[in-house]
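As provided, structure.pdb (PDB, C-alpha atoms) reads as follows.
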```
ATOM      1  CA  MET A   1     -24.497 104.852   9.877  1.00  0.00           C
ATOM      2  CA  TYR A   2     -26.884 107.752  10.348  1.00  0.00           C
ATOM      3  CA  LEU A   3     -26.498 109.830   7.183  1.00  0.00           C
ATOM      4  CA  TRP A   4     -27.461 113.457   7.664  1.00  0.00           C
ATOM      5  CA  ASP A   5     -29.360 115.370   5.048  1.00  0.00           C
ATOM      6  CA  ALA A   6     -28.430 119.031   4.564  1.00  0.00           C
ATOM      7  CA  ASN A   7     -31.281 120.227   6.790  1.00  0.00           C
ATOM      8  CA  ILE A   8     -29.800 118.315   9.777  1.00  0.00           C
ATOM      9  CA  LEU A   9     -26.371 119.862   9.233  1.00  0.00           C
ATOM     10  CA  ARG A  10     -28.167 123.209   9.180  1.00  0.00           C
ATOM     11  CA  ALA A  11     -29.740 122.380  12.558  1.00  0.00           C
ATOM     12  CA  PHE A  12     -26.305 121.341  13.900  1.00  0.00           C
ATOM     13  CA  GLY A  13     -24.940 124.791  13.043  1.00  0.00           C
ATOM     14  CA  GLN A  14     -28.016 126.370  14.634  1.00  0.00           C
ATOM     15  CA  GLY A  15     -27.582 124.308  17.814  1.00  0.00           C
ATOM     16  CA  HIS A  16     -31.087 122.831  17.634  1.00  0.00           C
ATOM     17  CA  ALA A  17     -32.330 121.538  21.013  1.00  0.00           C
ATOM     18  CA  SER A  18     -33.870 118.293  19.730  1.00  0.00           C
ATOM     19  CA  LEU A  19     -30.766 117.426  17.721  1.00  0.00           C
ATOM     20  CA  ARG A  20     -28.728 117.953  20.878  1.00  0.00           C
ATOM     21  CA  LEU A  21     -30.788 115.270  22.664  1.00  0.00           C
ATOM     22  CA  TYR A  22     -30.037 112.780  19.895  1.00  0.00           C
ATOM     23  CA  LEU A  23     -26.356 113.682  19.921  1.00  0.00           C
ATOM     24  CA  LEU A  24     -26.250 112.867  23.635  1.00  0.00           C
ATOM     25  CA  ARG A  25     -27.504 109.353  22.813  1.00  0.00           C
ATOM     26  CA  VAL A  26     -25.980 108.443  19.461  1.00  0.00           C
ATOM     27  CA  PRO A  27     -22.190 107.913  19.255  1.00  0.00           C
ATOM     28  CA  TRP A  28     -20.504 110.382  16.922  1.00  0.00           C
ATOM     29  CA  ALA A  29     -18.804 107.457  15.154  1.00  0.00           C
ATOM     30  CA  GLU A  30     -22.248 106.351  13.855  1.00  0.00           C
ATOM     31  CA  ILE A  31     -22.971 109.705  12.212  1.00  0.00           C
ATOM     32  CA  ALA A  32     -21.798 110.710   8.740  1.00  0.00           C
ATOM     33  CA  LEU A  33     -22.472 113.182   5.972  1.00  0.00           C
ATOM     34  CA  PRO A  34     -23.147 111.949   2.447  1.00  0.00           C
ATOM     35  CA  SER A  35     -20.593 113.376  -0.002  1.00  0.00           C
ATOM     36  CA  VAL A  36     -23.568 114.884  -1.870  1.00  0.00           C
ATOM     37  CA  VAL A  37     -24.317 117.202   1.066  1.00  0.00           C
ATOM     38  CA  VAL A  38     -20.619 118.055   1.444  1.00  0.00           C
ATOM     39  CA  ALA A  39     -20.545 119.050  -2.232  1.00  0.00           C
ATOM     40  CA  GLU A  40     -23.685 121.188  -1.906  1.00  0.00           C
ATOM     41  CA  VAL A  41     -22.393 123.015   1.159  1.00  0.00           C
ATOM     42  CA  LEU A  42     -18.926 123.636  -0.269  1.00  0.00           C
ATOM     43  CA  ARG A  43     -20.386 124.776  -3.592  1.00  0.00           C
ATOM     44  CA  GLY A  44     -22.493 127.356  -1.770  1.00  0.00           C
ATOM     45  CA  ARG A  45     -19.585 128.585   0.321  1.00  0.00           C
ATOM     46  CA  CYS A  46     -17.182 128.636  -2.656  1.00  0.00           C
ATOM     47  CA  GLU A  47     -19.606 130.596  -4.813  1.00  0.00           C
ATOM     48  CA  PHE A  48     -20.206 133.046  -1.983  1.00  0.00           C
ATOM     49  CA  ALA A  49     -16.419 133.543  -1.656  1.00  0.00           C
ATOM     50  CA  LEU A  50     -15.810 133.909  -5.399  1.00  0.00           C
ATOM     51  CA  LYS A  51     -18.763 136.161  -6.254  1.00  0.00           C
ATOM     52  CA  ALA A  52     -18.593 138.411  -3.186  1.00  0.00           C
ATOM     53  CA  THR A  53     -18.048 142.123  -3.555  1.00  0.00           C
ATOM     54  CA  PRO A  54     -14.734 143.388  -2.129  1.00  0.00           C
ATOM     55  CA  ALA A  55     -16.617 144.528   0.973  1.00  0.00           C
ATOM     56  CA  GLU A  56     -18.248 141.098   1.488  1.00  0.00           C
ATOM     57  CA  ALA A  57     -15.217 139.010   0.517  1.00  0.00           C
ATOM     58  CA  PRO A  58     -13.417 138.915   3.909  1.00  0.00           C
ATOM     59  CA  LEU A  59     -16.570 137.534   5.577  1.00  0.00           C
ATOM     60  CA  ALA A  60     -17.293 135.149   2.696  1.00  0.00           C
ATOM     61  CA  HIS A  61     -13.779 133.700   2.729  1.00  0.00           C
ATOM     62  CA  GLN A  62     -13.779 133.346   6.513  1.00  0.00           C
ATOM     63  CA  ARG A  63     -17.095 131.492   6.305  1.00  0.00           C
ATOM     64  CA  LEU A  64     -15.641 129.169   3.674  1.00  0.00           C
ATOM     65  CA  LEU A  65     -12.785 128.236   6.014  1.00  0.00           C
ATOM     66  CA  ASP A  66     -15.069 127.921   9.070  1.00  0.00           C
ATOM     67  CA  THR A  67     -17.411 125.630   7.147  1.00  0.00           C
ATOM     68  CA  GLN A  68     -14.552 123.542   5.803  1.00  0.00           C
ATOM     69  CA  GLN A  69     -13.309 123.055   9.376  1.00  0.00           C
ATOM     70  CA  MET A  70     -16.765 122.116  10.588  1.00  0.00           C
ATOM     71  CA  LEU A  71     -17.151 119.557   7.798  1.00  0.00           C
ATOM     72  CA  ALA A  72     -13.795 118.065   8.813  1.00  0.00           C
ATOM     73  CA  GLN A  73     -15.423 117.021  12.123  1.00  0.00           C
ATOM     74  CA  PHE A  74     -17.676 114.582  10.255  1.00  0.00           C
ATOM     75  CA  ARG A  75     -17.174 111.170   8.782  1.00  0.00           C
ATOM     76  CA  ILE A  76     -18.074 111.314   5.108  1.00  0.00           C
ATOM     77  CA  VAL A  77     -19.714 108.512   3.135  1.00  0.00           C
ATOM     78  CA  VAL A  78     -18.722 108.681  -0.523  1.00  0.00           C
ATOM     79  CA  PHE A  79     -21.051 108.185  -3.467  1.00  0.00           C
ATOM     80  CA  ASP A  80     -19.394 105.125  -5.039  1.00  0.00           C
ATOM     81  CA  VAL A  81     -20.108 102.687  -7.888  1.00  0.00           C
ATOM     82  CA  ALA A  82     -22.628 100.724  -5.813  1.00  0.00           C
ATOM     83  CA  CYS A  83     -24.542 103.973  -5.163  1.00  0.00           C
ATOM     84  CA  ALA A  84     -24.476 104.770  -8.897  1.00  0.00           C
ATOM     85  CA  THR A  85     -26.066 101.409  -9.703  1.00  0.00           C
ATOM     86  CA  VAL A  86     -28.904 101.981  -7.214  1.00  0.00           C
ATOM     87  CA  MET A  87     -29.262 105.564  -8.450  1.00  0.00           C
ATOM     88  CA  GLU A  88     -29.843 104.415 -12.038  1.00  0.00           C
ATOM     89  CA  ARG A  89     -32.650 102.152 -10.863  1.00  0.00           C
ATOM     90  CA  LEU A  90     -34.206 104.903  -8.742  1.00  0.00           C
ATOM     91  CA  ARG A  91     -34.065 107.371 -11.629  1.00  0.00           C
ATOM     92  CA  GLN A  92     -35.961 104.997 -13.859  1.00  0.00           C
ATOM     93  CA  GLN A  93     -38.618 104.518 -11.193  1.00  0.00           C
ATOM     94  CA  HIS A  94     -38.959 108.143 -10.043  1.00  0.00           C
ATOM     95  CA  ARG A  95     -37.409 110.306 -12.770  1.00  0.00           C
ATOM     96  CA  ARG A  96     -40.088 112.952 -13.128  1.00  0.00           C
ATOM     97  CA  ARG A  97     -41.131 113.515  -9.574  1.00  0.00           C
ATOM     98  CA  LYS A  98     -37.880 113.430  -7.641  1.00  0.00           C
ATOM     99  CA  ARG A  99     -35.138 115.930  -6.977  1.00  0.00           C
ATOM    100  CA  TYR A 100     -31.731 114.846  -8.237  1.00  0.00           C
ATOM    101  CA  ALA A 101     -29.754 115.283  -4.976  1.00  0.00           C
ATOM    102  CA  ASP A 102     -32.528 113.517  -3.034  1.00  0.00           C
ATOM    103  CA  LEU A 103     -32.217 110.513  -5.339  1.00  0.00           C
ATOM    104  CA  MET A 104     -28.423 110.511  -4.933  1.00  0.00           C
ATOM    105  CA  ILE A 105     -28.774 110.553  -1.139  1.00  0.00           C
ATOM    106  CA  ALA A 106     -31.468 107.862  -1.213  1.00  0.00           C
ATOM    107  CA  ALA A 107     -29.204 105.697  -3.391  1.00  0.00           C
ATOM    108  CA  MET A 108     -26.398 106.083  -0.842  1.00  0.00           C
ATOM    109  CA  VAL A 109     -28.753 105.090   1.990  1.00  0.00           C
ATOM    110  CA  ILE A 110     -29.960 101.993   0.116  1.00  0.00           C
ATOM    111  CA  ALA A 111     -26.528 100.908  -1.171  1.00  0.00           C
ATOM    112  CA  GLY A 112     -24.868 101.266   2.238  1.00  0.00           C
ATOM    113  CA  GLN A 113     -27.873 100.140   4.314  1.00  0.00           C
ATOM    114  CA  HIS A 114     -27.735 103.395   6.247  1.00  0.00           C
ATOM    115  CA  ILE A 115     -30.457 105.406   7.979  1.00  0.00           C
ATOM    116  CA  LEU A 116     -31.247 108.819   6.524  1.00  0.00           C
ATOM    117  CA  VAL A 117     -31.769 111.571   9.084  1.00  0.00           C
ATOM    118  CA  THR A 118     -33.813 114.376   7.542  1.00  0.00           C
ATOM    119  CA  ARG A 119     -36.630 116.797   8.271  1.00  0.00           C
ATOM    120  CA  ASN A 120     -37.924 116.183   4.778  1.00  0.00           C
ATOM    121  CA  ARG A 121     -39.780 112.869   4.997  1.00  0.00           C
ATOM    122  CA  THR A 122     -42.064 113.814   2.113  1.00  0.00           C
ATOM    123  CA  ASP A 123     -39.437 113.483  -0.592  1.00  0.00           C
ATOM    124  CA  PHE A 124     -38.043 110.177   0.696  1.00  0.00           C
ATOM    125  CA  VAL A 125     -41.039 108.297   2.060  1.00  0.00           C
ATOM    126  CA  ASP A 126     -41.784 106.513  -1.220  1.00  0.00           C
ATOM    127  CA  VAL A 127     -38.116 105.758  -1.947  1.00  0.00           C
ATOM    128  CA  LEU A 128     -36.846 104.504   1.416  1.00  0.00           C
ATOM    129  CA  PRO A 129     -38.442 102.073   3.879  1.00  0.00           C
ATOM    130  CA  ALA A 130     -39.691 103.665   7.100  1.00  0.00           C
ATOM    131  CA  THR A 131     -36.954 101.862   9.057  1.00  0.00           C
ATOM    132  CA  GLN A 132     -34.331 103.784   7.088  1.00  0.00           C
ATOM    133  CA  LEU A 133     -35.820 107.226   7.714  1.00  0.00           C
ATOM    134  CA  ALA A 134     -35.479 109.299  10.875  1.00  0.00           C
ATOM    135  CA  ASN A 135     -36.263 112.896  11.804  1.00  0.00           C
ATOM    136  CA  TRP A 136     -34.107 114.068  14.693  1.00  0.00           C
ATOM    137  CA  ILE A 137     -35.608 117.557  14.702  1.00  0.00           C
ATOM    138  CA  ASP A 138     -39.362 117.113  14.719  1.00  0.00           C
ATOM    139  CA  ASP A 139     -39.520 113.697  16.448  1.00  0.00           C
ATOM    140  CA  PRO A 140     -38.018 114.055  19.943  1.00  0.00           C
ATOM    141  CA  PRO A 141     -35.972 110.987  20.995  1.00  0.00           C
ATOM    142  CA  ASP A 142     -38.326 110.069  23.840  1.00  0.00           C
ATOM    143  CA  ALA A 143     -41.254 109.821  21.454  1.00  0.00           C
ATOM    144  CA  SER A 144     -39.496 107.462  19.015  1.00  0.00           C
TER     145      SER A 144
ATOM    146  CA  MET B   1      23.753 105.633  -4.728  1.00  0.00           C
ATOM    147  CA  GLN B   2      24.023 109.107  -3.273  1.00  0.00           C
ATOM    148  CA  TYR B   3      23.588 109.905   0.411  1.00  0.00           C
ATOM    149  CA  THR B   4      23.011 113.314   1.948  1.00  0.00           C
ATOM    150  CA  LEU B   5      25.448 114.162   4.779  1.00  0.00           C
ATOM    151  CA  ILE B   6      24.778 116.853   7.340  1.00  0.00           C
ATOM    152  CA  LEU B   7      28.036 118.246   8.724  1.00  0.00           C
ATOM    153  CA  THR B   8      27.610 120.011  12.056  1.00  0.00           C
ATOM    154  CA  GLU B   9      30.359 121.749  13.991  1.00  0.00           C
ATOM    155  CA  THR B  10      30.570 120.457  17.564  1.00  0.00           C
ATOM    156  CA  ALA B  11      31.253 122.498  20.704  1.00  0.00           C
ATOM    157  CA  GLU B  12      34.792 121.076  20.735  1.00  0.00           C
ATOM    158  CA  GLY B  13      35.438 122.366  17.222  1.00  0.00           C
ATOM    159  CA  GLY B  14      35.161 118.998  15.486  1.00  0.00           C
ATOM    160  CA  ILE B  15      32.687 117.934  12.809  1.00  0.00           C
ATOM    161  CA  GLN B  16      29.767 115.583  13.431  1.00  0.00           C
ATOM    162  CA  VAL B  17      28.139 113.853  10.467  1.00  0.00           C
ATOM    163  CA  THR B  18      24.543 112.696  10.440  1.00  0.00           C
ATOM    164  CA  ILE B  19      23.001 110.845   7.504  1.00  0.00           C
ATOM    165  CA  PRO B  20      19.181 111.297   7.299  1.00  0.00           C
ATOM    166  CA  ALA B  21      18.728 108.116   5.247  1.00  0.00           C
ATOM    167  CA  LEU B  22      20.716 106.067   7.820  1.00  0.00           C
ATOM    168  CA  PRO B  23      19.904 107.490  11.255  1.00  0.00           C
ATOM    169  CA  ALA B  24      21.911 104.780  13.051  1.00  0.00           C
ATOM    170  CA  CYS B  25      25.077 105.804  11.198  1.00  0.00           C
ATOM    171  CA  ARG B  26      26.893 108.729  12.866  1.00  0.00           C
ATOM    172  CA  VAL B  27      30.546 109.697  12.755  1.00  0.00           C
ATOM    173  CA  GLU B  28      32.643 112.459  14.179  1.00  0.00           C
ATOM    174  CA  ALA B  29      36.066 113.753  13.123  1.00  0.00           C
ATOM    175  CA  ALA B  30      38.446 116.635  13.732  1.00  0.00           C
ATOM    176  CA  THR B  31      38.263 118.039  10.207  1.00  0.00           C
ATOM    177  CA  ARG B  32      35.688 118.340   7.453  1.00  0.00           C
ATOM    178  CA  ASP B  33      37.650 116.124   5.046  1.00  0.00           C
ATOM    179  CA  ASP B  34      38.146 113.408   7.662  1.00  0.00           C
ATOM    180  CA  ALA B  35      34.453 113.580   8.577  1.00  0.00           C
ATOM    181  CA  ILE B  36      33.385 113.020   4.964  1.00  0.00           C
ATOM    182  CA  ARG B  37      35.922 110.198   4.512  1.00  0.00           C
ATOM    183  CA  LEU B  38      34.801 108.442   7.713  1.00  0.00           C
ATOM    184  CA  ALA B  39      31.141 108.862   6.768  1.00  0.00           C
ATOM    185  CA  ARG B  40      31.822 107.347   3.358  1.00  0.00           C
ATOM    186  CA  GLU B  41      33.515 104.347   4.996  1.00  0.00           C
ATOM    187  CA  ALA B  42      30.757 103.958   7.600  1.00  0.00           C
ATOM    188  CA  ILE B  43      28.051 104.013   4.950  1.00  0.00           C
ATOM    189  CA  ALA B  44      29.912 101.480   2.775  1.00  0.00           C
ATOM    190  CA  GLN B  45      30.366  99.191   5.767  1.00  0.00           C
ATOM    191  CA  LEU B  46      26.746  99.444   6.874  1.00  0.00           C
ATOM    192  CA  VAL B  47      25.394  98.930   3.360  1.00  0.00           C
ATOM    193  CA  SER B  48      27.643  95.887   2.778  1.00  0.00           C
ATOM    194  CA  ARG B  49      26.018  94.234   5.830  1.00  0.00           C
ATOM    195  CA  SER B  50      22.473  95.280   5.002  1.00  0.00           C
ATOM    196  CA  GLU B  51      19.626  94.077   2.837  1.00  0.00           C
ATOM    197  CA  VAL B  52      16.738  96.276   1.687  1.00  0.00           C
ATOM    198  CA  VAL B  53      13.338  94.604   1.972  1.00  0.00           C
ATOM    199  CA  GLN B  54      10.020  96.284   1.159  1.00  0.00           C
ATOM    200  CA  VAL B  55       6.783  94.995   2.662  1.00  0.00           C
ATOM    201  CA  ASP B  56       3.162  95.726   1.795  1.00  0.00           C
ATOM    202  CA  ILE B  57       0.856  96.491   4.716  1.00  0.00           C
ATOM    203  CA  PRO B  58      -2.689  95.942   3.419  1.00  0.00           C
ATOM    204  CA  GLU B  59      -4.403  97.651   6.337  1.00  0.00           C
ATOM    205  CA  GLN B  60      -5.028 101.338   5.738  1.00  0.00           C
ATOM    206  CA  PRO B  61      -4.159 103.807   8.467  1.00  0.00           C
ATOM    207  CA  ARG B  62      -7.204 104.988  10.401  1.00  0.00           C
ATOM    208  CA  ALA B  63      -8.678 108.249   9.240  1.00  0.00           C
ATOM    209  CA  THR B  64      -7.082 111.070  11.147  1.00  0.00           C
ATOM    210  CA  GLY B  65      -8.690 114.303  12.138  1.00  0.00           C
ATOM    211  CA  VAL B  66     -12.265 113.034  12.550  1.00  0.00           C
ATOM    212  CA  PRO B  67     -13.097 113.171  16.261  1.00  0.00           C
ATOM    213  CA  HIS B  68     -14.382 110.109  18.147  1.00  0.00           C
ATOM    214  CA  GLU B  69     -16.552 112.194  20.446  1.00  0.00           C
ATOM    215  CA  THR B  70     -19.292 114.626  19.433  1.00  0.00           C
ATOM    216  CA  PRO B  71     -17.536 117.910  18.555  1.00  0.00           C
ATOM    217  CA  TRP B  72     -19.732 120.063  20.795  1.00  0.00           C
ATOM    218  CA  VAL B  73     -17.455 123.027  20.191  1.00  0.00           C
ATOM    219  CA  TRP B  74     -18.972 123.246  16.675  1.00  0.00           C
ATOM    220  CA  PHE B  75     -22.570 122.711  17.777  1.00  0.00           C
ATOM    221  CA  GLY B  76     -24.524 125.955  17.346  1.00  0.00           C
ATOM    222  CA  THR B  77     -21.537 127.923  16.043  1.00  0.00           C
ATOM    223  CA  ALA B  78     -23.583 129.267  13.109  1.00  0.00           C
ATOM    224  CA  ARG B  79     -26.428 130.474  15.345  1.00  0.00           C
ATOM    225  CA  ALA B  80     -25.566 134.144  14.832  1.00  0.00           C
ATOM    226  CA  ASP B  81     -24.541 133.741  11.201  1.00  0.00           C
ATOM    227  CA  PRO B  82     -27.267 134.792   8.712  1.00  0.00           C
ATOM    228  CA  THR B  83     -25.194 133.406   5.826  1.00  0.00           C
ATOM    229  CA  TRP B  84     -25.618 129.898   7.309  1.00  0.00           C
ATOM    230  CA  ASP B  85     -29.391 129.967   6.794  1.00  0.00           C
ATOM    231  CA  ALA B  86     -28.977 131.589   3.384  1.00  0.00           C
ATOM    232  CA  LEU B  87     -26.581 128.786   2.398  1.00  0.00           C
ATOM    233  CA  PHE B  88     -29.129 126.074   3.214  1.00  0.00           C
ATOM    234  CA  ASP B  89     -32.048 128.003   1.713  1.00  0.00           C
ATOM    235  CA  GLU B  90     -30.090 128.079  -1.528  1.00  0.00           C
ATOM    236  CA  ILE B  91     -29.290 124.360  -1.340  1.00  0.00           C
ATOM    237  CA  GLU B  92     -33.008 123.687  -0.946  1.00  0.00           C
ATOM    238  CA  GLN B  93     -33.893 125.958  -3.888  1.00  0.00           C
ATOM    239  CA  ARG B  94     -31.299 124.284  -6.097  1.00  0.00           C
ATOM    240  CA  ARG B  95     -32.664 120.844  -5.250  1.00  0.00           C
ATOM    241  CA  GLU B  96     -36.170 122.032  -5.968  1.00  0.00           C
ATOM    242  CA  ALA B  97     -35.079 123.336  -9.381  1.00  0.00           C
ATOM    243  CA  THR B  98     -34.003 119.810 -10.375  1.00  0.00           C
ATOM    244  CA  ARG B  99     -37.488 118.412  -9.773  1.00  0.00           C
ATOM    245  CA  VAL B 100     -38.748 120.028 -12.947  1.00  0.00           C
ATOM    246  CA  ALA B 101     -35.557 120.191 -14.971  1.00  0.00           C
ATOM    247  CA  ARG B 102     -34.736 116.463 -15.157  1.00  0.00           C
TER     248      ARG B 102
END
```
Represent the structure of the file as structure tokens.
Amino acid sequence: MYLWDANILRAFGQGHASLRLYLLRVPWAEIALPSVVVAEVLRGRCEFALKATPAEAPLAHQRLLDTQQMLAQFRIVVFDVACATVMERLRQQHRRRKRYADLMIAAMVIAGQHILVTRNRTDFVDVLPATQLANWIDDPPDAS
Amino acid sequence: MQYTLILTETAEGGIQVTIPALPACRVEAATRDDAIRLAREAIAQLVSRSEVVQVDIPEQPRATGVPHETPWVWFGTARADPTWDALFDEIEQRREATRVAR
């Protein structure tokens, strides 16, 4: 599966031209969101809805529902026990330099033998092999 | 065992009985009392000839709701939504905060 990092979901919402080219080539059934990204996105939308002023609340709650419906279009890969085992190993190797959610996503990619699609190569390049990293925004499909 | 009976008045003025738990079992009678009596007999007869067997089906149903084709209708829907970018900026900031904290 091609697991999307949050920055690729962002580009999906923005209708990014390069992402569109990939989506014309890659079957939707091979694309999934890691449950980590789902949690991050829903947390943001839920907090927006719950902390909004009365004037902002109608928009915030509508955005929560819109986002929930968009997420429902995606297959979701769940962080399971196998991911937790890999994550423990990664934390011991990279504890001080890595961001927690990045390590969770990397563990999911390794445990499930997926390919991570992200714009942020920098934070994954020393955790994942090059064959399991792709950038569908900055590397046009013809060039890869 | 208790069964739920649905008594429905027919166009001819009689009473039709349907039994949700036993859809094949239907009776009709001229009066309400007769309808209930006939339904009771029909259920007893059907049950006396029947055996209840439960089977396990190991295969899970396929996930519903997730489209097979790219959901283009959602592509670019947040283009005019400034809260979309703010949402992902915040996700990025929160990730960055964990680099130092842990």
task = Could you tell me how far atom CA of His68 of chain B lies from atom CA of Leu33 of chain A, in Å and to one decimal?
result =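 Atom-to-atom, atom CA of His68 of chain B and atom CA of Leu33 of chain A are spaced 14.9 Å apart.
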inquiry  = Here is a test: counting all atoms listed in the file, which residue of A:Leu50, A:Ala101, A:Leu59, A:Val38 is nearest to chain B?
reply    =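 Ranking A:Leu50, A:Ala101, A:Leu59, A:Val38 by distance to chain B, first place goes to A:Ala101.
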request  = Starting from the displayed file, determine the output of the PyMOL selection byres ((chain A and resi 20) around 12) and express the residue list as an MDAnalysis selection string.
outcome  = (chainID A and resid 8 11:19 21:26 28 136:137 140:141) or (chainID B and resid 70:72 74:76)
inquiry  = Near chain B, meaning an atom within 8 Å, which residues of chain A appear when counting all atoms listed in the file? Write them as number ranges by chain.
reply    = A: 6-7, 10-16, 23, 27-29, 40-41, 44-45, 70, 72-75, 95-102
note = Taken to one decimal, the atom CA of Gly112 of chain A-atom CA of Ile31 of chain A distance is 13.2 Å
message = Can you measure atom CA of Asp56 of chain B to atom CA of Leu22 of chain B for me? One decimal in Å is fine.
response =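 That distance, rounded to one decimal, is 21.2 Å.
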task = Determine the residue set returned by the PyMOL selection byres ((chain A and resi 90) around 9) for the present structure, and present it as a ChimeraX atom specification.
result = /A:85-89,91-95,103-104,106-107,127
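Between Leu46 of chain B and the candidates B:Ile6, B:Ala24, B:Ala29, B:Ile15, the tightest atom-to-atom separation, counting all atoms listed in the file, involves B:Ala24.
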Quick one: everything within 9 Å of Ala134 of chain A, counting all atoms listed in the file, minus sequence neighbours fewer than 3 positions away in the same chain. Send it as a CSV table (one decimal) with C-alpha atoms, in the frame of the given file.
```csv
chain,number,residue,atom,x,y,z
A,2,TYR,CA,-26.9,107.8,10.3
A,115,ILE,CA,-30.5,105.4,8.0
A,116,LEU,CA,-31.2,108.8,6.5
A,117,VAL,CA,-31.8,111.6,9.1
A,118,THR,CA,-33.8,114.4,7.5
A,119,ARG,CA,-36.6,116.8,8.3
A,121,ARG,CA,-39.8,112.9,5.0
A,130,ALA,CA,-39.7,103.7,7.1
A,131,THR,CA,-37.0,101.9,9.1
A,139,ASP,CA,-39.5,113.7,16.4
```
Can you complete the atoms of segment 81-92 of chain A to N, CA and C atoms and list them as an mmCIF file, in the coordinates of the input?
```
data_model
loop_
_atom_site.group_PDB
_atom_site.id
_atom_site.type_symbol
_atom_site.label_atom_id
_atom_site.label_comp_id
_atom_site.auth_asym_id
_atom_site.auth_seq_id
_atom_site.Cartn_x
_atom_site.Cartn_y
_atom_site.Cartn_z
ATOM 1 N N VAL A 81 -19.512 103.394 -6.741
ATOM 2 C CA VAL A 81 -20.108 102.687 -7.888
ATOM 3 C C VAL A 81 -21.403 101.977 -7.479
ATOM 4 N N ALA A 82 -21.414 101.409 -6.277
ATOM 5 C CA ALA A 82 -22.628 100.724 -5.813
ATOM 6 C C ALA A 82 -23.792 101.722 -5.715
ATOM 7 N N CYS A 83 -23.498 102.930 -5.256
ATOM 8 C CA CYS A 83 -24.542 103.973 -5.163
ATOM 9 C C CYS A 83 -25.041 104.331 -6.559
ATOM 10 N N ALA A 84 -24.108 104.409 -7.519
ATOM 11 C CA ALA A 84 -24.476 104.770 -8.897
ATOM 12 C C ALA A 84 -25.445 103.744 -9.492
ATOM 13 N N THR A 85 -25.201 102.471 -9.193
ATOM 14 C CA THR A 85 -26.066 101.409 -9.703
ATOM 15 C C THR A 85 -27.484 101.570 -9.144
ATOM 16 N N VAL A 86 -27.584 101.794 -7.835
ATOM 17 C CA VAL A 86 -28.904 101.981 -7.214
ATOM 18 C C VAL A 86 -29.562 103.244 -7.770
ATOM 19 N N MET A 87 -28.748 104.276 -7.953
ATOM 20 C CA MET A 87 -29.262 105.564 -8.450
ATOM 21 C C MET A 87 -29.914 105.411 -9.827
ATOM 22 N N GLU A 88 -29.281 104.633 -10.698
ATOM 23 C CA GLU A 88 -29.843 104.415 -12.038
ATOM 24 C C GLU A 88 -31.237 103.794 -11.944
ATOM 25 N N ARG A 89 -31.357 102.821 -11.046
ATOM 26 C CA ARG A 89 -32.650 102.152 -10.863
ATOM 27 C C ARG A 89 -33.692 103.142 -10.318
ATOM 28 N N LEU A 90 -33.274 103.934 -9.335
ATOM 29 C CA LEU A 90 -34.206 104.903 -8.742
ATOM 30 C C LEU A 90 -34.647 105.942 -9.764
ATOM 31 N N ARG A 91 -33.719 106.349 -10.622
ATOM 32 C CA ARG A 91 -34.065 107.371 -11.629
ATOM 33 C C ARG A 91 -35.102 106.847 -12.600
ATOM 34 N N GLN A 92 -34.970 105.560 -12.940
ATOM 35 C CA GLN A 92 -35.961 104.997 -13.859
ATOM 36 C C GLN A 92 -37.338 104.924 -13.202
#
```
